[in-house]
file run33.pdb (PDB, C-alpha atoms)
ATOM      1  CA  MET K 993     -14.717  63.979 -10.361  1.00  0.00           C
ATOM      2  CA  PRO K 994     -15.720  61.639 -13.186  1.00  0.00           C
ATOM      3  CA  LEU K 995     -12.393  59.764 -12.880  1.00  0.00           C
ATOM      4  CA  LYS K 996     -12.912  59.144  -9.160  1.00  0.00           C
ATOM      5  CA  LYS K 997     -16.415  57.908  -9.826  1.00  0.00           C
ATOM      6  CA  HIS K 998     -15.199  55.470 -12.491  1.00  0.00           C
ATOM      7  CA  LEU K 999     -12.407  54.216 -10.229  1.00  0.00           C
ATOM      8  CA  LYS K1000     -14.900  53.577  -7.431  1.00  0.00           C
ATOM      9  CA  GLU K1001     -17.126  51.670  -9.848  1.00  0.00           C
ATOM     10  CA  LEU K1002     -14.156  49.605 -11.057  1.00  0.00           C
ATOM     11  CA  PHE K1003     -13.126  48.739  -7.499  1.00  0.00           C
ATOM     12  CA  PHE K1004     -16.657  47.545  -6.867  1.00  0.00           C
ATOM     13  CA  ILE K1005     -17.169  45.749 -10.192  1.00  0.00           C
ATOM     14  CA  PHE K1006     -13.790  43.976 -10.369  1.00  0.00           C
ATOM     15  CA  PRO K1007     -14.305  41.830  -7.237  1.00  0.00           C
ATOM     16  CA  MET K1008     -17.831  40.994  -8.364  1.00  0.00           C
ATOM     17  CA  ILE K1009     -16.600  39.872 -11.802  1.00  0.00           C
ATOM     18  CA  THR K1010     -13.862  37.802 -10.154  1.00  0.00           C
ATOM     19  CA  ILE K1011     -16.357  36.070  -7.871  1.00  0.00           C
ATOM     20  CA  PHE K1012     -18.730  35.492 -10.782  1.00  0.00           C
ATOM     21  CA  LEU K1013     -15.995  33.944 -12.939  1.00  0.00           C
ATOM     22  CA  LEU K1014     -14.408  31.799 -10.232  1.00  0.00           C
ATOM     23  CA  ALA K1015     -17.589  30.409  -8.670  1.00  0.00           C
ATOM     24  CA  PRO K1016     -18.179  27.787 -11.408  1.00  0.00           C
ATOM     25  CA  VAL K1017     -14.532  26.673 -11.195  1.00  0.00           C
ATOM     26  CA  VAL K1018     -14.686  26.145  -7.435  1.00  0.00           C
ATOM     27  CA  GLU K1019     -18.010  24.318  -7.744  1.00  0.00           C
ATOM     28  CA  ALA K1020     -16.670  22.064 -10.521  1.00  0.00           C
ATOM     29  CA  GLN K1021     -13.587  21.188  -8.515  1.00  0.00           C
ATOM     30  CA  GLY K1022     -15.694  20.135  -5.550  1.00  0.00           C
ATOM     31  CA  GLN K1023     -17.828  17.888  -7.752  1.00  0.00           C
ATOM     32  CA  SER K1024     -15.049  16.424  -9.879  1.00  0.00           C
ATOM     33  CA  SER K1025     -15.001  12.985  -8.250  1.00  0.00           C
ATOM     34  CA  GLY K1026     -18.760  12.578  -8.450  1.00  0.00           C
ATOM     35  CA  SER K1027     -18.881  11.380  -4.853  1.00  0.00           C
ATOM     36  CA  ALA K1028     -17.932  12.298  -1.313  1.00  0.00           C
ATOM     37  CA  LEU K1029     -14.202  11.805  -1.987  1.00  0.00           C
ATOM     38  CA  GLY K1030     -13.212  15.430  -1.649  1.00  0.00           C
ATOM     39  CA  GLN K1031      -9.680  15.036  -0.265  1.00  0.00           C
ATOM     40  CA  SER K1032      -6.566  13.463  -1.723  1.00  0.00           C
ATOM     41  CA  ILE K1033      -2.928  12.738  -0.981  1.00  0.00           C
ATOM     42  CA  GLU K1034      -0.104  11.947  -3.371  1.00  0.00           C
ATOM     43  CA  THR K1035       2.405   9.153  -2.886  1.00  0.00           C
ATOM     44  CA  LYS K1036       5.273   8.048  -5.083  1.00  0.00           C
ATOM     45  CA  HIS K1037       3.021   5.565  -6.914  1.00  0.00           C
ATOM     46  CA  ALA K1038      -0.567   6.639  -6.213  1.00  0.00           C
ATOM     47  CA  THR K1039      -3.109   9.367  -5.715  1.00  0.00           C
ATOM     48  CA  ILE K1040      -5.358   8.399  -2.819  1.00  0.00           C
ATOM     49  CA  ARG K1041      -8.818   9.983  -2.745  1.00  0.00           C
ATOM     50  CA  TYR K1042     -10.825   9.813   0.464  1.00  0.00           C
ATOM     51  CA  GLY K1043     -13.752  11.486   2.185  1.00  0.00           C
ATOM     52  CA  SER K1044     -12.465  12.132   5.696  1.00  0.00           C
ATOM     53  CA  LEU K1045      -9.457  11.719   7.947  1.00  0.00           C
ATOM     54  CA  LYS K1046     -11.484   9.055   9.770  1.00  0.00           C
ATOM     55  CA  ASP K1047     -11.505   6.953   6.571  1.00  0.00           C
ATOM     56  CA  LEU K1048      -7.762   7.411   6.174  1.00  0.00           C
ATOM     57  CA  LYS K1049      -7.155   6.364   9.790  1.00  0.00           C
ATOM     58  CA  LYS K1050      -9.329   3.297   9.245  1.00  0.00           C
ATOM     59  CA  LEU K1051      -7.383   2.421   6.090  1.00  0.00           C
ATOM     60  CA  ASP K1052      -4.138   2.786   8.022  1.00  0.00           C
ATOM     61  CA  GLY K1053      -5.438   0.290  10.582  1.00  0.00           C
ATOM     62  CA  LYS K1054      -6.650  -2.156   7.917  1.00  0.00           C
ATOM     63  CA  LEU K1055      -3.376  -2.227   5.965  1.00  0.00           C
ATOM     64  CA  ASP K1056      -0.897  -4.206   8.023  1.00  0.00           C
ATOM     65  CA  TYR K1057       2.049  -3.947   5.656  1.00  0.00           C
ATOM     66  CA  SER K1058       5.341  -2.209   6.276  1.00  0.00           C
ATOM     67  CA  PRO K1059       8.239  -4.461   5.317  1.00  0.00           C
ATOM     68  CA  GLY K1060      11.662  -3.630   6.682  1.00  0.00           C
ATOM     69  CA  GLU K1061      10.308  -1.340   9.371  1.00  0.00           C
ATOM     70  CA  TRP K1062      10.146  -3.742  12.315  1.00  0.00           C
ATOM     71  CA  SER K1063      12.653  -2.922  15.007  1.00  0.00           C
ATOM     72  CA  LEU K1064      12.946  -2.881  18.762  1.00  0.00           C
ATOM     73  CA  GLY K1065      12.572   0.917  18.662  1.00  0.00           C
ATOM     74  CA  LYS K1066       9.320   0.692  16.712  1.00  0.00           C
ATOM     75  CA  LEU K1067       7.988  -1.915  19.121  1.00  0.00           C
ATOM     76  CA  PHE K1068       8.338   0.481  22.065  1.00  0.00           C
ATOM     77  CA  SER K1069       7.508   3.743  20.266  1.00  0.00           C
ATOM     78  CA  ALA K1070       4.134   5.419  20.594  1.00  0.00           C
ATOM     79  CA  SER K1071       1.797   4.066  17.943  1.00  0.00           C
ATOM     80  CA  GLY K1072       0.633   6.522  15.361  1.00  0.00           C
ATOM     81  CA  SER K1073       3.470   8.927  16.020  1.00  0.00           C
ATOM     82  CA  THR K1074       3.938   9.489  12.294  1.00  0.00           C
ATOM     83  CA  GLY K1075       0.238  10.118  11.713  1.00  0.00           C
ATOM     84  CA  PRO K1076      -2.170   8.327   9.392  1.00  0.00           C
ATOM     85  CA  ILE K1077      -1.251  10.280   6.254  1.00  0.00           C
ATOM     86  CA  ALA K1078       2.460   9.450   6.403  1.00  0.00           C
ATOM     87  CA  SER K1079       1.709   5.876   7.449  1.00  0.00           C
ATOM     88  CA  VAL K1080      -0.783   5.250   4.621  1.00  0.00           C
ATOM     89  CA  LYS K1081       1.614   6.750   2.074  1.00  0.00           C
ATOM     90  CA  LYS K1082       4.407   4.389   3.196  1.00  0.00           C
ATOM     91  CA  LYS K1083       2.147   1.344   3.196  1.00  0.00           C
ATOM     92  CA  VAL K1084       0.614   2.064  -0.219  1.00  0.00           C
ATOM     93  CA  ASP K1085       4.005   2.638  -1.826  1.00  0.00           C
ATOM     94  CA  ALA K1086       5.450  -0.482  -0.154  1.00  0.00           C
ATOM     95  CA  LEU K1087       2.519  -2.565  -1.450  1.00  0.00           C
ATOM     96  CA  PHE K1088       2.882  -1.135  -4.953  1.00  0.00           C
ATOM     97  CA  GLU K1089       6.622  -1.838  -5.047  1.00  0.00           C
ATOM     98  CA  ARG K1090       6.089  -5.358  -3.668  1.00  0.00           C
ATOM     99  CA  ALA K1091       3.498  -6.043  -6.376  1.00  0.00           C
ATOM    100  CA  GLN K1092       5.993  -4.833  -8.996  1.00  0.00           C
ATOM    101  CA  GLU K1093       8.657  -7.091  -7.506  1.00  0.00           C
ATOM    102  CA  ILE K1094       6.407 -10.176  -7.497  1.00  0.00           C
ATOM    103  CA  LEU K1095       5.356  -9.540 -11.094  1.00  0.00           C
ATOM    104  CA  GLY K1096       8.904  -8.757 -12.199  1.00  0.00           C
ATOM    105  CA  MET K1097       7.551  -5.526 -13.676  1.00  0.00           C
ATOM    106  CA  ARG K1098       9.698  -2.895 -12.017  1.00  0.00           C
ATOM    107  CA  GLY K1099      10.158   0.559 -13.380  1.00  0.00           C
ATOM    108  CA  LYS K1100       8.189   3.724 -13.683  1.00  0.00           C
ATOM    109  CA  VAL K1101       4.540   3.228 -14.496  1.00  0.00           C
ATOM    110  CA  LYS K1102       1.658   5.642 -14.407  1.00  0.00           C
ATOM    111  CA  LYS K1103       0.384   6.568 -10.911  1.00  0.00           C
ATOM    112  CA  VAL K1104      -2.732   4.682  -9.931  1.00  0.00           C
ATOM    113  CA  ILE K1105      -5.720   6.450  -8.384  1.00  0.00           C
ATOM    114  CA  ILE K1106      -7.187   4.776  -5.302  1.00  0.00           C
ATOM    115  CA  ASN K1107     -10.732   5.799  -4.362  1.00  0.00           C
ATOM    116  CA  ILE K1108     -11.430   4.931  -0.733  1.00  0.00           C
ATOM    117  CA  HIS K1109     -15.168   4.739  -0.077  1.00  0.00           C
ATOM    118  CA  THR K1110     -16.547   5.048   3.448  1.00  0.00           C
ATOM    119  CA  ASN K1111     -18.881   2.058   3.272  1.00  0.00           C
ATOM    120  CA  GLN K1112     -20.366  -0.595   1.027  1.00  0.00           C
ATOM    121  CA  LYS K1113     -23.299   1.586  -0.033  1.00  0.00           C
ATOM    122  CA  GLN K1114     -20.994   4.369  -1.217  1.00  0.00           C
ATOM    123  CA  LEU K1115     -18.872   1.813  -3.117  1.00  0.00           C
ATOM    124  CA  HIS K1116     -21.958   0.234  -4.705  1.00  0.00           C
ATOM    125  CA  ASP K1117     -23.291   3.664  -5.673  1.00  0.00           C
ATOM    126  CA  ALA K1118     -19.989   4.428  -7.417  1.00  0.00           C
ATOM    127  CA  TYR K1119     -20.193   1.112  -9.270  1.00  0.00           C
ATOM    128  CA  TYR K1120     -23.767   1.816 -10.348  1.00  0.00           C
ATOM    129  CA  ARG K1121     -22.793   5.269 -11.676  1.00  0.00           C
ATOM    130  CA  ILE K1122     -20.056   3.649 -13.768  1.00  0.00           C
ATOM    131  CA  ALA K1123     -21.584   0.333 -14.882  1.00  0.00           C
ATOM    132  CA  ARG K1124     -25.335   1.075 -14.616  1.00  0.00           C
ATOM    133  CA  ARG K1125     -25.915  -2.237 -12.840  1.00  0.00           C
ATOM    134  CA  GLN K1126     -25.804  -3.664  -9.329  1.00  0.00           C
ATOM    135  CA  CYS K1127     -22.386  -4.251  -7.760  1.00  0.00           C
ATOM    136  CA  ARG K1128     -21.488  -7.825  -6.853  1.00  0.00           C
ATOM    137  CA  ILE K1129     -17.782  -7.357  -6.183  1.00  0.00           C
ATOM    138  CA  ARG K1130     -15.791  -6.128  -3.182  1.00  0.00           C
ATOM    139  CA  ALA K1131     -13.230  -3.994  -5.047  1.00  0.00           C
ATOM    140  CA  TRP K1132     -12.327  -3.306  -8.658  1.00  0.00           C
ATOM    141  CA  TYR K1133      -9.947  -1.579 -11.044  1.00  0.00           C
ATOM    142  CA  ILE K1134     -10.784   0.353 -14.216  1.00  0.00           C
ATOM    143  CA  PHE K1135      -8.091   0.493 -16.898  1.00  0.00           C
ATOM    144  CA  ARG K1136      -9.534   3.507 -18.736  1.00  0.00           C
ATOM    145  CA  THR K1137      -9.143   5.786 -15.706  1.00  0.00           C
ATOM    146  CA  ASN K1138      -6.380   3.767 -13.955  1.00  0.00           C
ATOM    147  CA  THR K1139      -8.504   3.809 -10.813  1.00  0.00           C
ATOM    148  CA  ILE K1140      -8.988   1.343  -7.959  1.00  0.00           C
ATOM    149  CA  TYR K1141     -12.248   1.399  -5.979  1.00  0.00           C
ATOM    150  CA  ILE K1142     -12.315   0.012  -2.433  1.00  0.00           C
ATOM    151  CA  ASN K1143     -14.516   0.068   0.659  1.00  0.00           C
ATOM    152  CA  VAL K1144     -12.464   1.042   3.711  1.00  0.00           C
ATOM    153  CA  ASN K1145     -14.513  -1.329   5.903  1.00  0.00           C
ATOM    154  CA  ASP K1146     -13.740  -4.296   3.648  1.00  0.00           C
ATOM    155  CA  VAL K1147     -10.115  -4.045   2.569  1.00  0.00           C
ATOM    156  CA  HIS K1148      -6.828  -5.693   3.427  1.00  0.00           C
ATOM    157  CA  GLU K1149      -3.319  -5.439   2.053  1.00  0.00           C
ATOM    158  CA  GLY K1150      -3.730  -8.480  -0.224  1.00  0.00           C
ATOM    159  CA  MET K1151      -6.853  -7.066  -1.821  1.00  0.00           C
ATOM    160  CA  LEU K1152      -5.219  -3.689  -2.457  1.00  0.00           C
ATOM    161  CA  ALA K1153      -2.048  -5.328  -3.836  1.00  0.00           C
ATOM    162  CA  HIS K1154      -4.258  -7.450  -6.135  1.00  0.00           C
ATOM    163  CA  GLU K1155      -5.936  -4.345  -7.573  1.00  0.00           C
ATOM    164  CA  MET K1156      -2.582  -2.540  -7.857  1.00  0.00           C
ATOM    165  CA  ALA K1157      -1.281  -5.531  -9.815  1.00  0.00           C
ATOM    166  CA  HIS K1158      -3.977  -4.933 -12.438  1.00  0.00           C
ATOM    167  CA  SER K1159      -2.745  -1.368 -12.885  1.00  0.00           C
ATOM    168  CA  ILE K1160       0.911  -2.416 -13.038  1.00  0.00           C
ATOM    169  CA  ILE K1161       0.205  -5.178 -15.580  1.00  0.00           C
ATOM    170  CA  ASP K1162      -1.936  -2.957 -17.792  1.00  0.00           C
ATOM    171  CA  HIS K1163       0.558  -0.092 -17.854  1.00  0.00           C
ATOM    172  CA  TYR K1164       3.796  -2.064 -17.942  1.00  0.00           C
ATOM    173  CA  LEU K1165       3.015  -4.225 -20.968  1.00  0.00           C
ATOM    174  CA  MET K1166       2.684  -2.663 -24.416  1.00  0.00           C
ATOM    175  CA  VAL K1167      -0.598  -4.486 -24.940  1.00  0.00           C
ATOM    176  CA  PRO K1168      -2.706  -5.331 -21.887  1.00  0.00           C
ATOM    177  CA  PRO K1169      -3.161  -9.106 -21.560  1.00  0.00           C
ATOM    178  CA  PRO K1170      -6.539 -10.852 -21.713  1.00  0.00           C
ATOM    179  CA  ARG K1171      -8.654 -10.324 -18.579  1.00  0.00           C
ATOM    180  CA  THR K1172      -8.279 -13.930 -17.460  1.00  0.00           C
ATOM    181  CA  THR K1173      -4.485 -13.763 -17.691  1.00  0.00           C
ATOM    182  CA  ALA K1174      -4.397 -10.453 -15.806  1.00  0.00           C
ATOM    183  CA  GLU K1175      -6.638 -11.923 -13.108  1.00  0.00           C
ATOM    184  CA  ILE K1176      -4.354 -14.943 -12.661  1.00  0.00           C
ATOM    185  CA  LEU K1177      -1.333 -12.642 -12.290  1.00  0.00           C
ATOM    186  CA  ALA K1178      -3.161 -10.354  -9.837  1.00  0.00           C
ATOM    187  CA  ARG K1179      -4.180 -13.368  -7.718  1.00  0.00           C
ATOM    188  CA  TYR K1180      -0.574 -14.515  -7.762  1.00  0.00           C
ATOM    189  CA  VAL K1181       0.465 -11.169  -6.254  1.00  0.00           C
ATOM    190  CA  ASP K1182      -2.150 -11.482  -3.515  1.00  0.00           C
ATOM    191  CA  ALA K1183      -1.079 -15.064  -2.724  1.00  0.00           C
ATOM    192  CA  HIS K1184       2.671 -14.308  -2.620  1.00  0.00           C
ATOM    193  CA  LEU K1185       2.656 -10.932  -0.887  1.00  0.00           C
ATOM    194  CA  TYR K1186       4.495 -12.264   2.164  1.00  0.00           C
ATOM    195  CA  ASP K1187       6.832 -14.791   0.480  1.00  0.00           C
TER     196      ASP K1187
END

call {"tool": "encode", "arguments": {"input": "run33.pdb", "output": "structure tokens"}}
result
Amino acid sequence: MPLKKHLKELFFIFPMITIFLLAPVVEAQGQSSGSALGQSIETKHATIRYGSLKDLKKLDGKLDYSPGEWSLGKLFSASGSTGPIASVKKKVDALFERAQEILGMRGKVKKVIINIHTNQKQLHDAYYRIARRQCRIRAWYIFRTNTIYINVNDVHEGMLAHEMAHSIIDHYLMVPPPRTTAEILARYVDAHLYD
């Protein structure tokens, strides 16, 4: 009898202990980004963090970059047949590789994180949490975390390639160049994206 009683207690206590121990882990994972960017996808060159599939679809529509994919078949195919996730992954990787090509900095570099914010307020809130001052810029890159911050309502392929260039430059060179030099190179990428 005592053994059965102890086994029953263990079967009751074990799940409770498991729930008690795992609850903080689950809560911490949900709060890790410090914002509403709870979902992410991995590409060859980036980790894209976003809040909703709607934001990802909007990003897909804003980025009009897919070199080498224009064909008569694509012209007559149903749009969106690959879905926004696959489409965004292709576009982001194509932009990253094009930025590397323009800079002449090919090769394996650390994956960049791209935080896609739903609107300007969310982007400005993220900036305030980081810099403790008002945001006066449309998008930015932070070397320390290798992260790009963008507003999905105010982004285009040149802007994203510009920010990716900062990451490529900073992680390709042994010593990151002065900010002014890096900015000139990043602007060069934006200006020559379609050359």

call {"tool": "residues_around", "arguments": {"input": "run33.pdb", "residues": "region 1034-1042 of chain K", "least_positions_apart": "4", "cutoff": "6 Å", "atoms": "all atoms listed in the file", "output": "number ranges by chain"}}
result
K: 1029, 1081, 1085, 1103-1108

call {"tool": "closest_residue", "arguments": {"input": "run33.pdb", "among": "K:Asp1187, K:Asp1117, K:Asp1047, K:Asp1056", "to": "Ile1077 (chain K)", "atoms": "all atoms listed in the file"}}
result
K:Asp1047

call {"tool": "atom_distance", "arguments": {"input": "run33.pdb", "atom1": "CA of Met1166 (chain K)", "atom2": "CA of Gly1150 (chain K)"}}
result
25.7 Å

call {"tool": "atom_distance", "arguments": {"input": "run33.pdb", "atom1": "CA of Gly1099 (chain K)", "atom2": "CA of Thr1074 (chain K)"}}
result
27.9 Å

call {"tool": "residues_around", "arguments": {"input": "run33.pdb", "residues": "Gly1096 (chain K)", "least_positions_apart": "4", "cutoff": "12 Å", "atoms": "all atoms listed in the file", "output": "VMD selection string"}}
result
chain K and resid 1089 to 1092 1157 1160 to 1161 1164 to 1165 1177 1180 to 1181

call {"tool": "atom_distance", "arguments": {"input": "run33.pdb", "atom1": "CA of His1158 (chain K)", "atom2": "CA of Phe1135 (chain K)"}}
result
8.1 Å

call {"tool": "closest_residue", "arguments": {"input": "run33.pdb", "among": "K:Ser1058, K:Asn1138, K:Leu1095, K:Ile1122", "to": "Ala1174 (chain K)", "atoms": "all atoms listed in the file"}}
result
K:Leu1095

call {"tool": "resolve_selection", "arguments": {"input": "run33.pdb", "expression": "the PyMOL selection byres ((chain K and resi 1128-1131) around 7)", "output": "list in words"}}
result
Gln1126, Cys1127, Trp1132, Tyr1141 and Ile1142 of chain K

call {"tool": "closest_residue", "arguments": {"input": "run33.pdb", "among": "K:Ala1118, K:Glu1093, K:Ile1134, K:Asn1145", "to": "Lys1046 (chain K)", "atoms": "only C-alpha atoms"}}
result
K:Asn1145

call {"tool": "residues_near_point", "arguments": {"input": "run33.pdb", "point": "(-0.2, 1.8, 2.7)", "cutoff": "8 Å", "atoms": "only C-alpha atoms", "output": "list in words"}}
result
Leu1051, Asp1052, Leu1055, Tyr1057, Ser1058, Ser1079, Val1080, Lys1081, Lys1082, Lys1083, Val1084, Asp1085, Ala1086, Leu1087 and Glu1149 of chain K

call {"tool": "residues_around", "arguments": {"input": "run33.pdb", "residues": "Asn1143 (chain K)", "least_positions_apart": "3", "cutoff": "7 Å", "atoms": "all atoms listed in the file", "output": "PDB file with C-alpha atoms, in the coordinates of the input"}}
result
ATOM      1  CA  ILE K1108     -11.430   4.931  -0.733  1.00  0.00           C
ATOM      2  CA  HIS K1109     -15.168   4.739  -0.077  1.00  0.00           C
ATOM      3  CA  THR K1110     -16.547   5.048   3.448  1.00  0.00           C
ATOM      4  CA  ASN K1111     -18.881   2.058   3.272  1.00  0.00           C
ATOM      5  CA  GLN K1112     -20.366  -0.595   1.027  1.00  0.00           C
ATOM      6  CA  LEU K1115     -18.872   1.813  -3.117  1.00  0.00           C
ATOM      7  CA  ASP K1146     -13.740  -4.296   3.648  1.00  0.00           C
ATOM      8  CA  VAL K1147     -10.115  -4.045   2.569  1.00  0.00           C
TER       9      VAL K1147
END

call {"tool": "axis_aligned_box", "arguments": {"input": "run33.pdb", "around": "region 1144-1157 of chain K", "padding_each_side": "6 Å", "output": "lines of an AutoDock Vina configuration file"}}
result
center_x = -7.9
center_y = -3.7
center_z = -2.0
size_x = 25.2
size_y = 21.5
size_z = 27.7

call {"tool": "closest_residue", "arguments": {"input": "run33.pdb", "among": "K:Ala1078, K:Leu1045, K:Val1167, K:Val1144", "to": "Lys1113 (chain K)", "atoms": "only C-alpha atoms"}}
result
K:Val1144
